[in-house]
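Peer 1: Below is one structure. I have some questions about it.
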Amino acid sequence: MTLDLNHNWINGEKIQTDNTISVVNPANNQVVGEVPSVYEEHIQDAIDSASKAFEKWSNNTAETRQFYLEEWAKNLLDKQDSLAKIMTEEQGKPYAEAFGEVEVCAKFIRWFAEEGKRIYGEIIPPSSENQRISVIKQPVGVCGLITPWNFPGAMVARKVAPALAAGCTVIVKPSSETPRIAIAIFDELIATGIDRGVANILTGSSTLISDKLFNDERIKKMSFTGSTNIGKTLMSKASEQVKRISLELGGNAPAIVLPDSNLDNAADAIVDNKFENSGQMCNGINTVLAHEDIKETLTQKIIERVNKIKVGPGDQEGTQVGPLINEKAIDKVESLILEAKKQGAKIETGGAKADNSTSDLFYQPTVISNVKHSMTIAQEEIFGPVAPIIAFKNENEAIEIANASPYGLAAYFFSNDINTVYRVSEKLEFGMIGVNGTQLSVPQAPFGGIKESGMGREGSHYGLDGFLELKYISLSLN
Ligand code: NAP
């Protein structure tokens, strides 16, 4: 695909640089395009323009902001096919998943376009006769938004839409692995005729861009989605100015299968979730915890399903699992499997790179059993198409294993007993719990984690609150 995506947007204008970053298709190692690698002065220009644009944008009515957001969503759906192709080309995910992700972008944008009209304040009963207490919500200011490569469209939409709906202006820095889809999505936002400087996008060195954004006092909030290690570094940077920050970080989701559950439903849900996006999902299942009474049956049901998964380039009809994003990702999967095997884990299916003449980044959908909670593969975010199965003896042991992780993003469990559903949901230390299913990311629900999986929520009115400040006004009547 030879689309012109070799630009950034600053102050409503396309900019290009002589220095560029090459973007590679992980399914064939071909360079698909070049994007700018911005210099300090570009970052400065973006901050200047977003700061200038803030005054007018923040004073617009919610209906005006809704208009631009609705137009943006419409533009994305009009170009759903071509956007999905760009996404598949640089990220590797199957076209059907990429097509669905563009729709998810539009859904998030539309939801926040509406919700922006419901940024209500509050009147509080006073403590004296002549006092009046009101609370208003105001946009936080100019926001810096840093996004990852695994959902390179949805993560941009899930941050930009609430920020704009709240009245903030933005500077987005997408992942260098997948910058072209972010730029293409931005092209559609700029095409709505939105005021200059309201929405800016910069590609290039992550440290250069993020340092400038963190160090500038005009940036009032940073929102980051990515790995926990980088999130920790950014959290400490934010402390220098007590800058607002929200962090959507890594996860280590358990899927606990209790003996009273419907095992076919559990196997379907586990395989659908585990192998989506080649297992590169923050809320993706990391380990399957199977009760010892049903472990054998469940393992067989999972293997049957996994053996039917078709691996291949994302643009090939019927592909369900594409390549991993880069060499570092596949090396990590290989070393985790190697170590687990050495420590006694059994490969039930898969367990090696998948044959492919065009790229070394395909990995076979894999199931491993005899896994112990102490193994690195159970402790770390695998981020690959591997399902390790750990056996447990009783509910308390499963909860203990799940809660021992420093991560707390998503957990899933399967049970047909309503008492168990409440008891286990309340005991699991995670921000999101999926019971008898794994769908979590919808615009109206608060997506996010606890512990080392981050702070703040995206989606829902809680996600909008992340871009708003509370102001309490006490009026003394004469
Ligand atoms: P990453 O390496 O942390 O990168 C994420 C973003 O941060 C990219 O834009 C990257 O830019 C930038 N970045 C890298 N180093 C930086 C630094 N020192 N300072 C500032 N920015 C920096 O994460 P990833 O590999 O792209 O994404 C995978 C991770 O994201 C996984 O851990 C996954 O669980 C997590 N994730 C979480 C959620 C959630 O909602 N909780 C959603 C999706 C993904 P460059 O590419 O230019 O380096």
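Note on naming: chains are A, B, ... as they come in the structure tokens, residues start from 1 per chain, ligands start from 1 in the order shown.
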Can you build me a table of chain A residues sitting at most 6 Å from ligand 1, with the closest atom pair per residue and its distance in Å to one decimal, using only C-alpha atoms and all ligand atoms, sorted by chain and residue number, as a Markdown table?
Peer 2:
```
| residue | atom | partner | partner_atom_place_in_ligand_line | distance |
| --- | --- | --- | --- | --- |
| A:Ile146 | CA | ligand 1 | 9 (O) | 5.2 |
| A:Thr147 | CA | ligand 1 | 9 (O) | 4.6 |
| A:Pro148 | CA | ligand 1 | 26 (O) | 3.6 |
| A:Trp149 | CA | ligand 1 | 26 (O) | 4.7 |
| A:Lys173 | CA | ligand 1 | 9 (O) | 6.0 |
| A:Pro174 | CA | ligand 1 | 9 (O) | 4.6 |
| A:Ser175 | CA | ligand 1 | 9 (O) | 3.3 |
| A:Ser176 | CA | ligand 1 | 46 (O) | 3.9 |
| A:Glu177 | CA | ligand 1 | 46 (O) | 5.6 |
| A:Ser205 | CA | ligand 1 | 47 (O) | 5.6 |
| A:Ser206 | CA | ligand 1 | 47 (O) | 4.5 |
| A:Thr207 | CA | ligand 1 | 19 (N) | 4.5 |
| A:Ser210 | CA | ligand 1 | 20 (C) | 5.0 |
| A:Thr225 | CA | ligand 1 | 37 (C) | 5.2 |
| A:Gly226 | CA | ligand 1 | 30 (O) | 3.1 |
| A:Ser227 | CA | ligand 1 | 32 (O) | 3.5 |
| A:Ile230 | CA | ligand 1 | 3 (O) | 5.1 |
| A:Glu248 | CA | ligand 1 | 41 (N) | 3.6 |
| A:Leu249 | CA | ligand 1 | 41 (N) | 4.1 |
| A:Gly250 | CA | ligand 1 | 34 (O) | 3.2 |
| A:Gly251 | CA | ligand 1 | 34 (O) | 5.3 |
| A:Cys282 | CA | ligand 1 | 34 (O) | 3.3 |
| A:Gly448 | CA | ligand 1 | 41 (N) | 5.7 |
```
Peer 1: Taking C-alpha atoms for each residue, export the selection above as a PDB file, in the first residue's frame.
Peer 2:
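Listed below is the output, part-v6.pdb:
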```
ATOM      1  CA  ILE A 146       1.276   8.219  24.490  1.00  0.00           C
ATOM      2  CA  THR A 147      -0.093   5.052  22.852  1.00  0.00           C
ATOM      3  CA  PRO A 148       1.163   1.478  22.237  1.00  0.00           C
ATOM      4  CA  TRP A 149       1.313  -0.691  19.113  1.00  0.00           C
ATOM      5  CA  LYS A 173       2.668  10.326  20.365  1.00  0.00           C
ATOM      6  CA  PRO A 174       1.927   6.869  18.892  1.00  0.00           C
ATOM      7  CA  SER A 175       4.229   3.854  19.007  1.00  0.00           C
ATOM      8  CA  SER A 176       7.068   3.881  16.465  1.00  0.00           C
ATOM      9  CA  GLU A 177       6.028   0.343  15.443  1.00  0.00           C
ATOM     10  CA  SER A 205      12.024   9.475  19.595  1.00  0.00           C
ATOM     11  CA  SER A 206       9.803   8.551  22.520  1.00  0.00           C
ATOM     12  CA  THR A 207      12.207   9.919  25.119  1.00  0.00           C
ATOM     13  CA  SER A 210       7.946  12.579  26.273  1.00  0.00           C
ATOM     14  CA  THR A 225      -0.691   3.171  27.690  1.00  0.00           C
ATOM     15  CA  GLY A 226       2.197   0.747  27.509  1.00  0.00           C
ATOM     16  CA  SER A 227       4.484  -1.414  29.586  1.00  0.00           C
ATOM     17  CA  ILE A 230       8.025   2.674  31.188  1.00  0.00           C
ATOM     18  CA  GLU A 248      -2.833   1.861  31.484  1.00  0.00           C
ATOM     19  CA  LEU A 249      -0.077  -0.705  31.921  1.00  0.00           C
ATOM     20  CA  GLY A 250       0.666  -4.380  31.593  1.00  0.00           C
ATOM     21  CA  GLY A 251      -1.359  -7.285  32.930  1.00  0.00           C
ATOM     22  CA  CYS A 282      -2.955  -6.287  27.929  1.00  0.00           C
ATOM     23  CA  GLY A 448      -8.235  -0.107  33.721  1.00  0.00           C
TER      24      GLY A 448
END
```
Peer 1: Using only C-alpha atoms, determine which residues lie at most 10 Å from Gln320 in chain A, disregarding the query and same-chain residues fewer than 5 positions distant; provide the list as a list in words.
Peer 2: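 Residues meeting the cut-off are Lys93, Pro94, Tyr95, Ala96, Glu97, Asp272, Phe275, Glu276, Asn277, Ser278, Lys308, Ile309, Lys310, Val311, Gly312, Pro313 and Gly314 of chain A.
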Peer 1: DSSP on the backbone, strand (DSSP E) only: what residues of range 355-409 of chain A does that give? Format it as an mmCIF file with all heavy atoms, in the first residue's frame.
Peer 2:
```cif
data_model
loop_
_atom_site.group_PDB
_atom_site.id
_atom_site.type_symbol
_atom_site.label_atom_id
_atom_site.label_comp_id
_atom_site.auth_asym_id
_atom_site.auth_seq_id
_atom_site.Cartn_x
_atom_site.Cartn_y
_atom_site.Cartn_z
ATOM 1 N N THR A 366 0.059 -22.275 20.918
ATOM 2 C CA THR A 366 0.693 -23.261 21.798
ATOM 3 C C THR A 366 -0.103 -23.459 23.085
ATOM 4 O O THR A 366 -0.624 -22.497 23.652
ATOM 5 C CB THR A 366 2.128 -22.766 22.129
ATOM 6 O OG1 THR A 366 2.857 -22.704 20.912
ATOM 7 C CG2 THR A 366 2.832 -23.653 23.128
ATOM 8 N N VAL A 367 -0.168 -24.721 23.505
ATOM 9 C CA VAL A 367 -0.757 -25.025 24.822
ATOM 10 C C VAL A 367 0.292 -25.809 25.607
ATOM 11 O O VAL A 367 0.866 -26.763 25.078
ATOM 12 C CB VAL A 367 -2.038 -25.881 24.670
ATOM 13 C CG1 VAL A 367 -2.631 -26.213 26.042
ATOM 14 C CG2 VAL A 367 -3.073 -25.168 23.796
ATOM 15 N N ILE A 368 0.548 -25.389 26.847
ATOM 16 C CA ILE A 368 1.479 -26.160 27.674
ATOM 17 C C ILE A 368 0.833 -26.499 29.016
ATOM 18 O O ILE A 368 0.120 -25.680 29.594
ATOM 19 C CB ILE A 368 2.847 -25.458 27.887
ATOM 20 C CG1 ILE A 368 2.679 -24.058 28.485
ATOM 21 C CG2 ILE A 368 3.633 -25.346 26.605
ATOM 22 C CD1 ILE A 368 4.002 -23.407 28.805
ATOM 23 N N SER A 369 1.079 -27.708 29.455
ATOM 24 C CA SER A 369 0.508 -28.143 30.736
ATOM 25 C C SER A 369 1.640 -28.386 31.744
ATOM 26 O O SER A 369 2.810 -28.151 31.420
ATOM 27 C CB SER A 369 -0.335 -29.410 30.535
ATOM 28 O OG SER A 369 0.496 -30.427 30.025
ATOM 29 N N VAL A 386 0.441 -18.262 23.491
ATOM 30 C CA VAL A 386 0.793 -19.419 24.327
ATOM 31 C C VAL A 386 -0.150 -19.482 25.520
ATOM 32 O O VAL A 386 -0.285 -18.495 26.251
ATOM 33 C CB VAL A 386 2.245 -19.282 24.853
ATOM 34 C CG1 VAL A 386 2.597 -20.466 25.741
ATOM 35 C CG2 VAL A 386 3.227 -19.150 23.708
ATOM 36 N N ALA A 387 -0.776 -20.652 25.707
ATOM 37 C CA ALA A 387 -1.688 -20.820 26.843
ATOM 38 C C ALA A 387 -1.100 -21.828 27.825
ATOM 39 O O ALA A 387 -1.146 -23.041 27.595
ATOM 40 C CB ALA A 387 -3.049 -21.315 26.349
ATOM 41 N N PRO A 388 -0.525 -21.363 28.945
ATOM 42 C CA PRO A 388 -0.014 -22.280 29.965
ATOM 43 C C PRO A 388 -1.153 -22.696 30.906
ATOM 44 O O PRO A 388 -1.948 -21.853 31.312
ATOM 45 C CB PRO A 388 1.012 -21.438 30.739
ATOM 46 C CG PRO A 388 1.062 -20.097 30.058
ATOM 47 C CD PRO A 388 -0.173 -19.965 29.255
ATOM 48 N N ILE A 389 -1.215 -23.974 31.241
ATOM 49 C CA ILE A 389 -2.294 -24.445 32.127
ATOM 50 C C ILE A 389 -1.702 -24.883 33.478
ATOM 51 O O ILE A 389 -0.787 -25.704 33.535
ATOM 52 C CB ILE A 389 -3.076 -25.596 31.467
ATOM 53 C CG1 ILE A 389 -3.688 -25.074 30.150
ATOM 54 C CG2 ILE A 389 -4.167 -26.126 32.407
ATOM 55 C CD1 ILE A 389 -4.450 -26.089 29.342
ATOM 56 N N ILE A 390 -2.254 -24.285 34.531
ATOM 57 C CA ILE A 390 -1.807 -24.588 35.898
ATOM 58 C C ILE A 390 -2.967 -25.273 36.621
ATOM 59 O O ILE A 390 -4.104 -24.791 36.548
ATOM 60 C CB ILE A 390 -1.465 -23.273 36.658
ATOM 61 C CG1 ILE A 390 -0.357 -22.505 35.934
ATOM 62 C CG2 ILE A 390 -1.097 -23.541 38.111
ATOM 63 C CD1 ILE A 390 -0.023 -21.145 36.564
ATOM 64 N N ALA A 391 -2.690 -26.364 37.327
ATOM 65 C CA ALA A 391 -3.771 -27.039 38.062
ATOM 66 C C ALA A 391 -3.859 -26.481 39.482
ATOM 67 O O ALA A 391 -2.850 -26.091 40.071
ATOM 68 C CB ALA A 391 -3.487 -28.532 38.122
ATOM 69 N N PHE A 392 -5.112 -26.416 40.000
ATOM 70 C CA PHE A 392 -5.262 -26.019 41.413
ATOM 71 C C PHE A 392 -6.249 -26.956 42.104
ATOM 72 O O PHE A 392 -7.045 -27.641 41.449
ATOM 73 C CB PHE A 392 -5.705 -24.542 41.514
ATOM 74 C CG PHE A 392 -7.089 -24.259 40.981
ATOM 75 C CD1 PHE A 392 -8.216 -24.420 41.785
ATOM 76 C CD2 PHE A 392 -7.274 -23.831 39.673
ATOM 77 C CE1 PHE A 392 -9.490 -24.160 41.303
ATOM 78 C CE2 PHE A 392 -8.540 -23.566 39.176
ATOM 79 C CZ PHE A 392 -9.654 -23.725 39.992
ATOM 80 N N TYR A 407 0.556 -7.515 39.072
ATOM 81 C CA TYR A 407 -0.381 -6.872 38.145
ATOM 82 C C TYR A 407 -1.812 -7.021 38.642
ATOM 83 O O TYR A 407 -2.131 -7.964 39.364
ATOM 84 C CB TYR A 407 -0.306 -7.531 36.762
ATOM 85 C CG TYR A 407 1.003 -7.346 36.054
ATOM 86 C CD1 TYR A 407 1.890 -8.406 35.898
ATOM 87 C CD2 TYR A 407 1.358 -6.109 35.515
ATOM 88 C CE1 TYR A 407 3.097 -8.246 35.225
ATOM 89 C CE2 TYR A 407 2.561 -5.944 34.840
ATOM 90 C CZ TYR A 407 3.419 -7.008 34.701
ATOM 91 O OH TYR A 407 4.603 -6.853 34.037
ATOM 92 N N GLY A 408 -2.681 -6.130 38.189
ATOM 93 C CA GLY A 408 -4.094 -6.235 38.591
ATOM 94 C C GLY A 408 -5.007 -5.636 37.544
ATOM 95 O O GLY A 408 -5.848 -4.798 37.848
#
```
Peer 1: Please determine, counting only C-alpha atoms, which residue among A:Ala398, A:Ala340, A:Val288, A:Asp360 has the shortest atom-to-atom distance to Lys427 in chain A.
Peer 2: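 Using only C-alpha atoms, the shortest distance to Lys427 in chain A belongs to A:Ala398.
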Peer 1: I need the residues in range 261-438 of chain A that are helix (DSSP H, G or I) according to DSSP; give them as a PyMOL selection string.
Peer 2: chain A and resi 263-279+295-306+327-342+376-379+395-403+418-427
Peer 1: Next, write the just-selected residues to a file, as a short mmCIF file (atom, residue, chain, number, x, y, z; two decimals), in the first residue's frame, keeping C-alpha atoms as the atom set.
Peer 2:
```cif
data_model
loop_
_atom_site.label_atom_id
_atom_site.label_comp_id
_atom_site.auth_asym_id
_atom_site.auth_seq_id
_atom_site.Cartn_x
_atom_site.Cartn_y
_atom_site.Cartn_z
CA LEU A 263 -16.34 -26.42 30.01
CA ASP A 264 -17.23 -25.91 26.34
CA ASN A 265 -18.12 -22.30 27.01
CA ALA A 266 -14.92 -21.86 29.04
CA ALA A 267 -12.74 -23.41 26.32
CA ASP A 268 -14.37 -21.24 23.61
CA ALA A 269 -13.94 -18.05 25.61
CA ILE A 270 -10.37 -18.85 26.67
CA VAL A 271 -9.21 -19.65 23.13
CA ASP A 272 -10.97 -16.60 21.62
CA ASN A 273 -9.34 -14.28 24.11
CA LYS A 274 -5.93 -15.92 24.38
CA PHE A 275 -5.19 -15.96 20.65
CA GLU A 276 -6.72 -12.61 19.65
CA ASN A 277 -4.06 -10.25 18.31
CA SER A 278 -1.59 -13.20 18.50
CA GLY A 279 -1.86 -13.03 22.30
CA LYS A 295 -8.04 -30.18 34.18
CA GLU A 296 -7.69 -33.10 31.73
CA THR A 297 -11.05 -32.53 30.02
CA LEU A 298 -10.54 -28.77 29.77
CA THR A 299 -7.00 -29.18 28.40
CA GLN A 300 -8.29 -31.52 25.67
CA LYS A 301 -11.07 -29.10 24.74
CA ILE A 302 -8.60 -26.21 24.51
CA ILE A 303 -6.16 -28.26 22.39
CA GLU A 304 -8.94 -29.29 19.95
CA ARG A 305 -9.80 -25.65 19.38
CA VAL A 306 -6.20 -24.43 19.19
CA GLU A 327 12.04 -9.98 17.06
CA LYS A 328 12.18 -8.97 20.71
CA ALA A 329 8.60 -10.23 21.15
CA ILE A 330 9.22 -13.63 19.55
CA ASP A 331 12.56 -14.06 21.37
CA LYS A 332 10.74 -13.51 24.65
CA VAL A 333 8.11 -16.15 23.83
CA GLU A 334 10.82 -18.63 22.78
CA SER A 335 12.87 -18.15 25.92
CA LEU A 336 9.83 -18.44 28.20
CA ILE A 337 8.86 -21.73 26.55
CA LEU A 338 12.42 -23.05 26.73
CA GLU A 339 12.70 -22.28 30.42
CA ALA A 340 9.25 -23.76 31.18
CA LYS A 341 10.18 -26.97 29.33
CA LYS A 342 13.42 -27.25 31.31
CA THR A 376 8.64 -17.24 34.72
CA ILE A 377 6.05 -17.97 32.02
CA ALA A 378 3.34 -17.71 34.69
CA GLN A 379 4.83 -14.66 36.38
CA GLU A 395 -11.05 -22.01 45.02
CA ASN A 396 -8.89 -20.38 47.68
CA GLU A 397 -5.70 -21.69 46.12
CA ALA A 398 -6.76 -20.33 42.70
CA ILE A 399 -7.50 -16.90 44.16
CA GLU A 400 -4.19 -16.92 46.02
CA ILE A 401 -2.27 -17.73 42.83
CA ALA A 402 -4.16 -15.05 40.88
CA ASN A 403 -3.69 -12.35 43.52
CA ILE A 418 -24.21 -17.36 41.64
CA ASN A 419 -22.74 -17.46 45.16
CA THR A 420 -19.34 -18.38 43.76
CA VAL A 421 -19.66 -15.62 41.15
CA TYR A 422 -20.04 -12.92 43.80
CA ARG A 423 -17.57 -14.41 46.27
CA VAL A 424 -14.76 -14.86 43.75
CA SER A 425 -15.42 -11.52 41.97
CA GLU A 426 -15.08 -9.68 45.26
CA LYS A 427 -11.90 -11.50 46.30
#
```
Peer 1: Write out as a PyMOL selection string which residues come within 7 Å of Asn25 in chain A when counting only C-alpha atoms, dropping same-chain ones fewer than 6 positions away.
Peer 2: chain A and resi 31-32+89-92
Peer 1: Within 10 Å of Lys237 in chain A, counting only C-alpha atoms, which residues show up once you throw out same-chain ones fewer than 5 positions away? Write them as number ranges by chain, please.
Peer 2: A: 210-211, 214-215, 231-232, 242-243, 245
Peer 1: Between CA of Asn286 in chain A and CA of Asn307 in chain A, what is the spacing in Å?
Peer 2: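 Here the two named atoms are 18.7 Å from each other.
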Peer 1: With distances taken over only C-alpha atoms, which of A:Val24, A:Ala163, A:Ala157, A:Ile123 is nearest to Gln138 in chain A?
Peer 2: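 Closest to Gln138 in chain A, using only C-alpha atoms: A:Ala163.
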Peer 1: If we count only C-alpha atoms, what is near range 76-84 of chain A at a cut-off of 10 Å, once residues fewer than 6 positions away on the same chain are taken out, given as an MDAnalysis selection string?
Peer 2: chainID A and resid 1 3 70 93:107 153 180:182 184:189 315
Peer 1: Determine, counting only C-alpha atoms, which protein, DNA and RNA residues have an atom within 7 Å of an atom of Ile133 in chain A; residues of the same chain fewer than 5 positions away are not included. Present the result as a list of chain:residue names.
Peer 2: A:Ile123, A:Ile124, A:Pro125, A:Pro126, A:Ile473, A:Ser474, A:Leu475
Peer 1: I'd like the neighbourhood of Gly167 in chain A as JSON, numbers by chain, where a residue qualifies if any of its atoms comes within 10 Å (using only C-alpha atoms), though same-chain residues fewer than 4 positions away should be ignored.
Peer 2: {"A": [54, 55, 56, 57, 58, 59, 60, 61, 62, 65, 116, 138, 139, 140, 141, 142, 162, 163, 198, 467, 468]}
Peer 1: With only C-alpha atoms as the atoms that count, which of A:Val38, A:Met222, A:Ile183, A:Val442 lies nearest to Leu247 in chain A?
Peer 2: A:Met222
Peer 1: What gap, in Å, lies between CA of Leu289 in chain A and CA of Ile433 in chain A?
Peer 2: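 Those two atoms sit 14.8 Å apart.
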